[in-house]
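Structure file query-v4.pdb with PDB, C-alpha atoms and all ligand atoms:
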ATOM      1  CA  MET A  21       9.758   8.705  38.340  1.00  0.00           C
ATOM      2  CA  THR A  22      13.219   9.574  37.078  1.00  0.00           C
ATOM      3  CA  GLU A  23      14.228   8.478  33.617  1.00  0.00           C
ATOM      4  CA  ILE A  24      14.765   4.724  33.323  1.00  0.00           C
ATOM      5  CA  LYS A  25      18.024   3.793  31.553  1.00  0.00           C
ATOM      6  CA  HIS A  26      18.348   0.045  32.104  1.00  0.00           C
ATOM      7  CA  HIS A  27      15.548  -2.062  30.597  1.00  0.00           C
ATOM      8  CA  LEU A  28      14.362  -5.639  30.117  1.00  0.00           C
ATOM      9  CA  THR A  29      15.774  -7.682  27.228  1.00  0.00           C
ATOM     10  CA  ASP A  30      13.539  -8.839  24.350  1.00  0.00           C
ATOM     11  CA  GLU A  31      14.124 -12.398  25.538  1.00  0.00           C
ATOM     12  CA  LEU A  32      12.735 -11.647  29.010  1.00  0.00           C
ATOM     13  CA  LEU A  33       9.762  -9.721  27.610  1.00  0.00           C
ATOM     14  CA  MET A  34       8.931 -12.578  25.209  1.00  0.00           C
ATOM     15  CA  SER A  35       9.209 -15.194  27.967  1.00  0.00           C
ATOM     16  CA  TYR A  36       6.982 -13.042  30.161  1.00  0.00           C
ATOM     17  CA  ALA A  37       4.420 -12.613  27.359  1.00  0.00           C
ATOM     18  CA  ALA A  38       4.457 -16.386  26.780  1.00  0.00           C
ATOM     19  CA  GLY A  39       4.021 -17.058  30.532  1.00  0.00           C
ATOM     20  CA  ASN A  40       7.286 -19.032  30.664  1.00  0.00           C
ATOM     21  CA  LEU A  41       9.009 -17.279  33.569  1.00  0.00           C
ATOM     22  CA  PRO A  42       9.148 -18.562  37.148  1.00  0.00           C
ATOM     23  CA  GLU A  43       6.910 -16.572  39.488  1.00  0.00           C
ATOM     24  CA  ALA A  44       9.864 -14.744  41.113  1.00  0.00           C
ATOM     25  CA  PHE A  45      11.076 -13.349  37.740  1.00  0.00           C
ATOM     26  CA  ASN A  46       7.481 -12.634  36.700  1.00  0.00           C
ATOM     27  CA  LEU A  47       7.135 -10.356  39.704  1.00  0.00           C
ATOM     28  CA  VAL A  48      10.308  -8.373  38.895  1.00  0.00           C
ATOM     29  CA  VAL A  49       9.377  -8.085  35.194  1.00  0.00           C
ATOM     30  CA  ALA A  50       5.774  -7.033  36.020  1.00  0.00           C
ATOM     31  CA  THR A  51       7.062  -4.443  38.494  1.00  0.00           C
ATOM     32  CA  HIS A  52       9.484  -2.961  35.936  1.00  0.00           C
ATOM     33  CA  ILE A  53       6.733  -2.888  33.284  1.00  0.00           C
ATOM     34  CA  SER A  54       4.410  -1.065  35.688  1.00  0.00           C
ATOM     35  CA  LEU A  55       7.058   1.682  35.977  1.00  0.00           C
ATOM     36  CA  CYS A  56       8.372   1.735  32.386  1.00  0.00           C
ATOM     37  CA  ASP A  57       6.377   2.993  29.365  1.00  0.00           C
ATOM     38  CA  GLU A  58       9.050   1.766  26.944  1.00  0.00           C
ATOM     39  CA  CYS A  59       9.018  -1.870  28.101  1.00  0.00           C
ATOM     40  CA  ARG A  60       5.202  -1.803  28.395  1.00  0.00           C
ATOM     41  CA  ALA A  61       5.015  -0.790  24.711  1.00  0.00           C
ATOM     42  CA  ARG A  62       7.520  -3.497  23.683  1.00  0.00           C
ATOM     43  CA  LEU A  63       5.535  -6.080  25.677  1.00  0.00           C
ATOM     44  CA  GLY A  64       2.359  -4.995  23.821  1.00  0.00           C
ATOM     45  CA  ALA A  65       4.149  -5.612  20.505  1.00  0.00           C
ATOM     46  CA  PHE A  66       5.254  -9.113  21.591  1.00  0.00           C
ATOM     47  CA  GLU A  67       1.762  -9.953  22.804  1.00  0.00           C
ATOM     48  CA  ALA A  68       0.293  -8.809  19.457  1.00  0.00           C
ATOM     49  CA  LEU A  69       2.952 -10.846  17.637  1.00  0.00           C
ATOM     50  CA  GLY A  70       2.117 -13.913  19.746  1.00  0.00           C
ATOM     51  CA  GLY A  71      -1.571 -13.463  18.881  1.00  0.00           C
ATOM     52  CA  SER A  72      -0.910 -13.158  15.151  1.00  0.00           C
ATOM     53  CA  VAL A  73       1.323 -16.258  15.168  1.00  0.00           C
ATOM     54  CA  ILE A  74      -1.535 -18.180  16.776  1.00  0.00           C
ATOM     55  CA  ASP A  75      -3.962 -16.807  14.145  1.00  0.00           C
ATOM     56  CA  GLN A  76      -1.666 -17.947  11.329  1.00  0.00           C
ATOM     57  CA  VAL A  77      -1.140 -21.470  12.606  1.00  0.00           C
ATOM     58  CA  GLU A  78      -4.881 -22.016  12.960  1.00  0.00           C
ATOM     59  CA  GLY A  79      -5.948 -24.519  10.393  1.00  0.00           C
ATOM     60  CA  CYS A  80      -2.493 -26.117  10.043  1.00  0.00           C
ATOM     61  CA  ALA A  81      -2.155 -29.779  10.825  1.00  0.00           C
ATOM     62  CA  VAL A  82      -0.514 -30.363  14.217  1.00  0.00           C
ATOM     63  CA  SER A  83       0.747 -33.578  15.721  1.00  0.00           C
ATOM     64  CA  ASP A  84      -1.281 -35.221  18.481  1.00  0.00           C
ATOM     65  CA  GLU A  85       1.436 -34.559  21.057  1.00  0.00           C
ATOM     66  CA  CYS A  86       1.591 -30.885  20.128  1.00  0.00           C
ATOM     67  CA  LEU A  87      -2.179 -30.559  20.331  1.00  0.00           C
ATOM     68  CA  THR A  88      -2.303 -32.326  23.703  1.00  0.00           C
ATOM     69  CA  ALA A  89       0.495 -30.130  25.073  1.00  0.00           C
ATOM     70  CA  THR A  90      -1.198 -26.968  23.800  1.00  0.00           C
ATOM     71  CA  LEU A  91      -4.553 -27.967  25.251  1.00  0.00           C
ATOM     72  CA  ARG A  92      -2.871 -28.702  28.555  1.00  0.00           C
ATOM     73  CA  LEU A  93      -1.278 -25.239  28.526  1.00  0.00           C
ATOM     74  CA  ILE A  94      -4.642 -23.652  27.830  1.00  0.00           C
ATOM     75  CA  GLU A  95      -6.273 -25.679  30.602  1.00  0.00           C
ATOM     76  CA  ASP A  96      -3.563 -24.851  33.126  1.00  0.00           C
ATOM     77  CA  GLY A  97      -3.760 -21.182  32.177  1.00  0.00           C
ATOM     78  CA  PRO A  98      -1.344 -18.482  33.228  1.00  0.00           C
ATOM     79  CA  THR A  99      -1.972 -19.081  36.928  1.00  0.00           C
ATOM     80  CA  GLU A 100       1.013 -17.108  38.134  1.00  0.00           C
ATOM     81  CA  GLU A 101       0.798 -14.234  35.718  1.00  0.00           C
ATOM     82  CA  ILE A 102       0.755 -10.806  37.277  1.00  0.00           C
ATOM     83  CA  ARG A 103      -0.758  -8.144  35.044  1.00  0.00           C
ATOM     84  CA  PRO A 104       1.022  -4.816  35.199  1.00  0.00           C
ATOM     85  CA  GLN A 105      -0.943  -1.957  36.703  1.00  0.00           C
ATOM     86  CA  VAL A 106       0.002   1.678  36.599  1.00  0.00           C
ATOM     87  CA  THR A 107      -1.451   2.713  39.945  1.00  0.00           C
ATOM     88  CA  ARG A 108       0.966   2.834  42.840  1.00  0.00           C
ATOM     89  CA  GLN A 109       0.786   3.015  46.599  1.00  0.00           C
ATOM     90  CA  GLY A 110       3.544   5.381  47.608  1.00  0.00           C
ATOM     91  CA  ILE A 111       6.801   4.111  46.138  1.00  0.00           C
ATOM     92  CA  LEU A 112       5.438   0.585  45.959  1.00  0.00           C
ATOM     93  CA  PRO A 113       4.465  -0.433  42.418  1.00  0.00           C
ATOM     94  CA  ALA A 114       1.113  -2.212  42.199  1.00  0.00           C
ATOM     95  CA  PRO A 115       2.411  -5.724  41.292  1.00  0.00           C
ATOM     96  CA  LEU A 116       4.336  -5.747  44.576  1.00  0.00           C
ATOM     97  CA  VAL A 117       1.525  -4.636  46.855  1.00  0.00           C
ATOM     98  CA  ASP A 118      -0.143  -8.060  47.095  1.00  0.00           C
ATOM     99  CA  TYR A 119       3.155  -9.786  47.848  1.00  0.00           C
ATOM    100  CA  ILE A 120       4.010  -7.378  50.647  1.00  0.00           C
ATOM    101  CA  GLY A 121       0.445  -7.139  51.911  1.00  0.00           C
ATOM    102  CA  GLY A 122       0.460  -3.359  52.271  1.00  0.00           C
ATOM    103  CA  SER A 123       3.179  -0.713  52.229  1.00  0.00           C
ATOM    104  CA  LEU A 124       6.926  -0.915  52.824  1.00  0.00           C
ATOM    105  CA  ASP A 125       6.155  -0.296  56.522  1.00  0.00           C
ATOM    106  CA  ASP A 126       4.553  -3.760  56.615  1.00  0.00           C
ATOM    107  CA  VAL A 127       7.703  -5.535  55.395  1.00  0.00           C
ATOM    108  CA  LYS A 128       9.197  -7.933  57.935  1.00  0.00           C
ATOM    109  CA  TRP A 129      12.906  -7.255  57.421  1.00  0.00           C
ATOM    110  CA  ARG A 130      15.619  -9.651  58.558  1.00  0.00           C
ATOM    111  CA  SER A 131      19.135  -8.378  59.146  1.00  0.00           C
ATOM    112  CA  LEU A 132      21.959  -9.671  56.918  1.00  0.00           C
ATOM    113  CA  GLY A 133      24.627  -7.691  58.799  1.00  0.00           C
ATOM    114  CA  MET A 134      26.376  -4.387  57.858  1.00  0.00           C
ATOM    115  CA  GLY A 135      22.960  -2.685  58.101  1.00  0.00           C
ATOM    116  CA  VAL A 136      21.685  -4.663  55.070  1.00  0.00           C
ATOM    117  CA  LYS A 137      18.226  -6.195  55.495  1.00  0.00           C
ATOM    118  CA  GLN A 138      16.190  -8.552  53.375  1.00  0.00           C
ATOM    119  CA  ALA A 139      12.640  -9.871  53.173  1.00  0.00           C
ATOM    120  CA  ILE A 140      12.040 -13.009  51.092  1.00  0.00           C
ATOM    121  CA  LEU A 141       8.674 -12.871  49.319  1.00  0.00           C
ATOM    122  CA  PRO A 142       6.571 -16.029  48.954  1.00  0.00           C
ATOM    123  CA  THR A 143       6.727 -17.475  45.415  1.00  0.00           C
ATOM    124  CA  SER A 144       6.953 -20.863  43.723  1.00  0.00           C
ATOM    125  CA  LYS A 145      10.247 -22.688  44.287  1.00  0.00           C
ATOM    126  CA  GLU A 146      12.040 -22.595  40.862  1.00  0.00           C
ATOM    127  CA  ALA A 147      13.376 -19.127  41.715  1.00  0.00           C
ATOM    128  CA  SER A 148      13.324 -16.801  44.715  1.00  0.00           C
ATOM    129  CA  VAL A 149      12.709 -13.104  45.093  1.00  0.00           C
ATOM    130  CA  ARG A 150      13.560 -10.768  47.942  1.00  0.00           C
ATOM    131  CA  LEU A 151      13.448  -7.127  48.911  1.00  0.00           C
ATOM    132  CA  LEU A 152      16.853  -5.762  49.885  1.00  0.00           C
ATOM    133  CA  HIS A 153      17.365  -2.667  52.005  1.00  0.00           C
ATOM    134  CA  ILE A 154      20.929  -1.379  51.666  1.00  0.00           C
ATOM    135  CA  PRO A 155      22.091   1.686  53.652  1.00  0.00           C
ATOM    136  CA  GLY A 156      23.455   4.519  51.485  1.00  0.00           C
ATOM    137  CA  GLY A 157      27.197   4.079  50.818  1.00  0.00           C
ATOM    138  CA  THR A 158      27.232   0.341  51.628  1.00  0.00           C
ATOM    139  CA  ALA A 159      28.738  -2.251  49.263  1.00  0.00           C
ATOM    140  CA  MET A 160      27.162  -5.674  48.758  1.00  0.00           C
ATOM    141  CA  PRO A 161      29.633  -8.583  49.098  1.00  0.00           C
ATOM    142  CA  ASP A 162      31.494  -9.285  45.875  1.00  0.00           C
ATOM    143  CA  HIS A 163      29.815 -12.258  44.116  1.00  0.00           C
ATOM    144  CA  GLY A 164      29.242 -14.235  40.927  1.00  0.00           C
ATOM    145  CA  HIS A 165      26.127 -16.093  39.754  1.00  0.00           C
ATOM    146  CA  ASN A 166      25.182 -19.702  39.031  1.00  0.00           C
ATOM    147  CA  GLY A 167      22.109 -18.577  37.076  1.00  0.00           C
ATOM    148  CA  MET A 168      20.210 -15.393  36.311  1.00  0.00           C
ATOM    149  CA  GLU A 169      19.779 -12.485  38.715  1.00  0.00           C
ATOM    150  CA  LEU A 170      17.349  -9.619  38.078  1.00  0.00           C
ATOM    151  CA  THR A 171      17.657  -6.571  40.330  1.00  0.00           C
ATOM    152  CA  LEU A 172      15.128  -3.734  40.152  1.00  0.00           C
ATOM    153  CA  VAL A 173      15.683  -0.482  42.059  1.00  0.00           C
ATOM    154  CA  LEU A 174      12.631   0.805  43.948  1.00  0.00           C
ATOM    155  CA  GLN A 175      14.288   3.588  45.947  1.00  0.00           C
ATOM    156  CA  GLY A 176      17.741   5.198  46.024  1.00  0.00           C
ATOM    157  CA  ALA A 177      20.396   3.999  43.575  1.00  0.00           C
ATOM    158  CA  PHE A 178      23.444   1.768  43.260  1.00  0.00           C
ATOM    159  CA  GLN A 179      26.635   1.876  41.207  1.00  0.00           C
ATOM    160  CA  ASP A 180      27.973  -1.221  39.529  1.00  0.00           C
ATOM    161  CA  ASP A 181      31.082  -1.320  37.356  1.00  0.00           C
ATOM    162  CA  GLY A 182      30.693   2.287  36.187  1.00  0.00           C
ATOM    163  CA  ASP A 183      26.932   2.043  35.569  1.00  0.00           C
ATOM    164  CA  ARG A 184      24.360   3.796  37.723  1.00  0.00           C
ATOM    165  CA  PHE A 185      21.057   2.071  38.507  1.00  0.00           C
ATOM    166  CA  GLY A 186      18.345   4.416  39.798  1.00  0.00           C
ATOM    167  CA  PRO A 187      14.623   3.963  40.521  1.00  0.00           C
ATOM    168  CA  GLY A 188      12.948   1.737  37.936  1.00  0.00           C
ATOM    169  CA  ASP A 189      16.261   0.546  36.445  1.00  0.00           C
ATOM    170  CA  ILE A 190      16.819  -3.181  36.125  1.00  0.00           C
ATOM    171  CA  GLU A 191      20.186  -4.963  36.216  1.00  0.00           C
ATOM    172  CA  ILE A 192      20.404  -8.358  34.534  1.00  0.00           C
ATOM    173  CA  ALA A 193      23.292 -10.536  35.707  1.00  0.00           C
ATOM    174  CA  ASP A 194      24.243 -14.065  34.631  1.00  0.00           C
ATOM    175  CA  GLU A 195      27.057 -16.614  35.010  1.00  0.00           C
ATOM    176  CA  ALA A 196      29.452 -14.349  33.117  1.00  0.00           C
ATOM    177  CA  LEU A 197      29.188 -11.444  35.561  1.00  0.00           C
ATOM    178  CA  GLU A 198      30.979 -10.962  38.852  1.00  0.00           C
ATOM    179  CA  HIS A 199      30.134  -7.764  40.655  1.00  0.00           C
ATOM    180  CA  THR A 200      30.093  -5.633  43.798  1.00  0.00           C
ATOM    181  CA  PRO A 201      27.064  -3.329  43.675  1.00  0.00           C
ATOM    182  CA  VAL A 202      27.488  -0.280  45.938  1.00  0.00           C
ATOM    183  CA  ALA A 203      24.515   1.753  47.205  1.00  0.00           C
ATOM    184  CA  GLU A 204      25.003   5.459  46.489  1.00  0.00           C
ATOM    185  CA  PRO A 205      25.662   7.648  49.512  1.00  0.00           C
ATOM    186  CA  GLY A 206      22.550   9.413  50.762  1.00  0.00           C
ATOM    187  CA  GLN A 207      19.154   7.758  50.543  1.00  0.00           C
ATOM    188  CA  ASP A 208      19.043   4.053  51.461  1.00  0.00           C
ATOM    189  CA  CYS A 209      18.637   1.787  48.449  1.00  0.00           C
ATOM    190  CA  ILE A 210      15.670  -0.594  48.280  1.00  0.00           C
ATOM    191  CA  CYS A 211      15.769  -3.224  45.537  1.00  0.00           C
ATOM    192  CA  LEU A 212      13.719  -6.187  44.417  1.00  0.00           C
ATOM    193  CA  ALA A 213      16.058  -9.039  43.426  1.00  0.00           C
ATOM    194  CA  ALA A 214      15.198 -12.437  41.902  1.00  0.00           C
ATOM    195  CA  THR A 215      17.598 -15.354  41.394  1.00  0.00           C
ATOM    196  CA  ASP A 216      17.150 -18.885  40.085  1.00  0.00           C
ATOM    197  CA  ALA A 217      20.370 -20.288  41.582  1.00  0.00           C
ATOM    198  CA  LYS A 218      22.643 -19.662  44.543  1.00  0.00           C
ATOM    199  CA  LEU A 219      25.089 -16.762  44.334  1.00  0.00           C
ATOM    200  CA  LYS A 220      28.854 -17.445  44.334  1.00  0.00           C
ATOM    201  CA  PHE A 221      30.466 -15.433  47.130  1.00  0.00           C
ATOM    202  CA  ASN A 222      34.207 -14.932  47.069  1.00  0.00           C
ATOM    203  CA  ALA A 223      34.695 -13.972  50.717  1.00  0.00           C
ATOM    204  CA  PHE A 224      34.491 -16.597  53.436  1.00  0.00           C
ATOM    205  CA  LEU A 225      31.988 -14.866  55.768  1.00  0.00           C
ATOM    206  CA  PRO A 226      29.147 -14.341  53.287  1.00  0.00           C
ATOM    207  CA  LYS A 227      29.719 -17.924  52.068  1.00  0.00           C
ATOM    208  CA  LEU A 228      29.329 -19.154  55.637  1.00  0.00           C
ATOM    209  CA  ALA A 229      26.130 -17.155  56.202  1.00  0.00           C
ATOM    210  CA  GLN A 230      24.641 -18.124  52.822  1.00  0.00           C
ATOM    211  CA  PRO A 231      22.475 -21.095  53.937  1.00  0.00           C
ATOM    212  CA  PHE A 232      20.889 -19.030  56.721  1.00  0.00           C
ATOM    213  CA  PHE A 233      19.862 -16.237  54.393  1.00  0.00           C
ATOM    214  CA  ARG A 234      18.818 -18.454  51.442  1.00  0.00           C
ATOM    215  CA  ILE A 235      20.830 -16.309  48.988  1.00  0.00           C
TER     216      ILE A 235
HETATM  217 ZN    ZN B   1      11.993  -0.646  30.628  1.00  0.00          ZN
HETATM  218 ZN    ZN B   2      24.602 -10.248  41.592  1.00  0.00          ZN
END
Will you turn the file into structure tokens for me?
Ligand code: ZN
Ligand code: ZN
Amino acid sequence: MTEIKHHLTDELLMSYAAGNLPEAFNLVVATHISLCDECRARLGAFEALGGSVIDQVEGCAVSDECLTATLRLIEDGPTEEIRPQVTRQGILPAPLVDYIGGSLDDVKWRSLGMGVKQAILPTSKEASVRLLHIPGGTAMPDHGHNGMELTLVLQGAFQDDGDRFGPGDIEIADEALEHTPVAEPGQDCICLAATDAKLKFNAFLPKLAQPFFRI
């Protein structure tokens, strides 16, 4: 694995540790963590911190509502949590294997035009996650965001506003960012991208196609 330059934020790692992320974001975060020693170490620190906070509050008086809510959380458990694993099957990080049901050869791609293909992975509805296959040298349509978008590179690389995102790198986009990621010439770029709201396309054609591709 080449050196990872773009990492998860503390906020995302803490939300992941607390089990507060939608399943689609959980999958992207778990996949990055499985590839990234640095974020795995930071996650360990947040998990230890979470544990010590719980130790300290033990014995304090809590309101009935708080107790009920906490007990409910414990009962419900982290049903959607995906534990990072370091083993990999080919270029496919372990957290992704179950979702794809095998290797990248088993992915059922659907064409988005311009040679770009996607495969939406099954997750809970608050957010969606898809694999994107972008031919080398191809630009994604210029777009903004109505929420958060996490994009993790699995193969190849893309350029975005002067930054390069290679294998293992994660790009975090929000309402403030408008961008046109471009796959580097050469190897096709395969990414895992999660969003919790529709993208805002500027051009008419992608806007028209949007409902069909659930982007
Ligand atoms: Zn990282
Ligand atoms: Zn975007």
Worksheet item: When distances are computed from only C-alpha atoms and all ligand atoms, which of A:Leu225, A:Asp216, A:Ile192, A:Trp129 shows the smallest separation from ligand ZN 2 (chain B)?
Response: A:Ile192
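Using all atoms listed in the file, the contacts of Gln179 in chain A at a cut-off of 6 Å, with sequence neighbours closer than 2 positions omitted, comprise Asp183, Arg184, Pro201 and Val202 of chain A.
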Contacts of chain A with ligand ZN 2 (chain B) up to 9 Å, shortest pair per row, all atoms listed in the file, as a Markdown table:
| residue | atom | partner | partner_atom | distance |
| --- | --- | --- | --- | --- |
| A:Met160 | CA | B:ZN2 | ZN | 8.9 |
| A:Asp162 | CA | B:ZN2 | ZN | 8.2 |
| A:His163 | CA | B:ZN2 | ZN | 6.1 |
| A:Gly164 | CA | B:ZN2 | ZN | 6.2 |
| A:His165 | CA | B:ZN2 | ZN | 6.3 |
| A:Met168 | CA | B:ZN2 | ZN | 8.6 |
| A:Glu169 | CA | B:ZN2 | ZN | 6.0 |
| A:Leu170 | CA | B:ZN2 | ZN | 8.1 |
| A:Thr171 | CA | B:ZN2 | ZN | 8.0 |
| A:Glu191 | CA | B:ZN2 | ZN | 8.7 |
| A:Ile192 | CA | B:ZN2 | ZN | 8.4 |
| A:Ala193 | CA | B:ZN2 | ZN | 6.0 |
| A:Asp194 | CA | B:ZN2 | ZN | 7.9 |
| A:Leu197 | CA | B:ZN2 | ZN | 7.7 |
| A:Glu198 | CA | B:ZN2 | ZN | 7.0 |
| A:His199 | CA | B:ZN2 | ZN | 6.1 |
| A:Thr200 | CA | B:ZN2 | ZN | 7.5 |
| A:Pro201 | CA | B:ZN2 | ZN | 7.6 |
| A:Ala213 | CA | B:ZN2 | ZN | 8.8 |
| A:Thr215 | CA | B:ZN2 | ZN | 8.7 |
| A:Leu219 | CA | B:ZN2 | ZN | 7.1 |
| A:Lys220 | CA | B:ZN2 | ZN | 8.8 |
Worksheet item: Between A:Thr29, A:Gly156, A:Cys209, A:Val136, which one has atoms that come closest to Gly186 in chain A, using all atoms listed in the file?
Response: A:Cys209
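Proximity of A:Glu58, A:Glu204, A:Glu67, A:Glu23 to Tyr36 in chain A, computed with only C-alpha atoms, is greatest for A:Glu67.
For ligand ZN 1 (chain B), the set of protein, DNA and RNA residues within 8 Å, based on only C-alpha atoms and all ligand atoms, reads Ile24, Lys25, His26, His27, Leu28, His52, Ile53, Leu55, Cys56, Asp57, Glu58, Cys59, Arg60, Gly188, Asp189 and Ile190 of chain A.
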Discussion item. From the options A:Thr51, A:Asn40, A:Ser35, A:Ser72, which residue's atoms come nearest to Pro187 in chain A, counting only C-alpha atoms?
Written reply: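 Answer, going by the shortest atom-to-atom distance: A:Thr51.
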Practice prompt. For each of A:Arg150, A:Pro161, A:Lys145, A:Ala177, take the minimum atom-to-atom distance to Gly133 in chain A, counting only C-alpha atoms, then give the residue where this is smallest.
Written response: A:Pro161
Worksheet entry | Atom-to-atom span, CA of Leu152 in chain A and CA of Ala229 in chain A, Å | 16.0 Å
Will you model N, CA and C atoms for range 175-198 of chain A and pass it back as a compact mmCIF listing (two decimals), in the coordinates of the input?
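Wrote rebuild17.txt, looks like this:
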# COMPACT_ATOMS: atom_id res chain seq x y z
N GLN A 175 13.98 2.32 45.27
CA GLN A 175 14.29 3.59 45.95
C GLN A 175 15.80 3.73 46.01
N GLY A 176 16.30 4.97 45.96
CA GLY A 176 17.74 5.20 46.02
C GLY A 176 18.39 4.76 44.72
N ALA A 177 19.67 4.40 44.78
CA ALA A 177 20.40 4.00 43.58
C ALA A 177 21.63 3.20 43.97
N PHE A 178 22.13 2.39 43.03
CA PHE A 178 23.44 1.77 43.26
C PHE A 178 24.32 1.91 42.03
N GLN A 179 25.63 1.81 42.28
CA GLN A 179 26.64 1.88 41.21
C GLN A 179 27.18 0.48 41.02
N ASP A 180 27.39 0.09 39.77
CA ASP A 180 27.97 -1.22 39.53
C ASP A 180 28.84 -1.14 38.28
N ASP A 181 30.15 -1.29 38.47
CA ASP A 181 31.08 -1.32 37.36
C ASP A 181 30.88 -0.12 36.41
N GLY A 182 30.79 1.07 36.99
CA GLY A 182 30.69 2.29 36.19
C GLY A 182 29.29 2.64 35.73
N ASP A 183 28.32 1.75 35.93
CA ASP A 183 26.93 2.04 35.57
C ASP A 183 26.16 2.47 36.81
N ARG A 184 25.21 3.39 36.60
CA ARG A 184 24.36 3.80 37.72
C ARG A 184 22.96 3.22 37.51
N PHE A 185 22.41 2.62 38.56
CA PHE A 185 21.06 2.07 38.51
C PHE A 185 20.20 2.85 39.49
N GLY A 186 19.23 3.60 38.97
CA GLY A 186 18.34 4.42 39.80
C GLY A 186 16.95 3.80 39.81
N PRO A 187 15.97 4.51 40.40
CA PRO A 187 14.62 3.96 40.52
C PRO A 187 14.03 3.51 39.18
N GLY A 188 13.55 2.29 39.15
CA GLY A 188 12.95 1.74 37.94
C GLY A 188 13.94 0.97 37.07
N ASP A 189 15.25 1.24 37.26
CA ASP A 189 16.26 0.55 36.44
C ASP A 189 16.36 -0.91 36.85
N ILE A 190 16.68 -1.76 35.86
CA ILE A 190 16.82 -3.18 36.12
C ILE A 190 18.22 -3.63 35.71
N GLU A 191 18.88 -4.39 36.58
CA GLU A 191 20.19 -4.96 36.22
C GLU A 191 20.00 -6.46 35.99
N ILE A 192 20.53 -6.94 34.86
CA ILE A 192 20.40 -8.36 34.53
C ILE A 192 21.80 -8.97 34.61
N ALA A 193 21.99 -9.91 35.54
CA ALA A 193 23.29 -10.54 35.71
C ALA A 193 23.16 -12.03 35.40
N ASP A 194 24.25 -12.62 34.87
CA ASP A 194 24.24 -14.06 34.63
C ASP A 194 25.60 -14.66 35.02
N GLU A 195 25.83 -15.91 34.62
CA GLU A 195 27.06 -16.61 35.01
C GLU A 195 28.31 -15.83 34.65
N ALA A 196 28.26 -15.03 33.61
CA ALA A 196 29.45 -14.35 33.12
C ALA A 196 29.83 -13.15 33.98
N LEU A 197 28.93 -12.69 34.83
CA LEU A 197 29.19 -11.44 35.56
C LEU A 197 29.55 -11.69 37.02
N GLU A 198 30.64 -11.03 37.43
CA GLU A 198 30.98 -10.96 38.85
C GLU A 198 30.90 -9.51 39.23
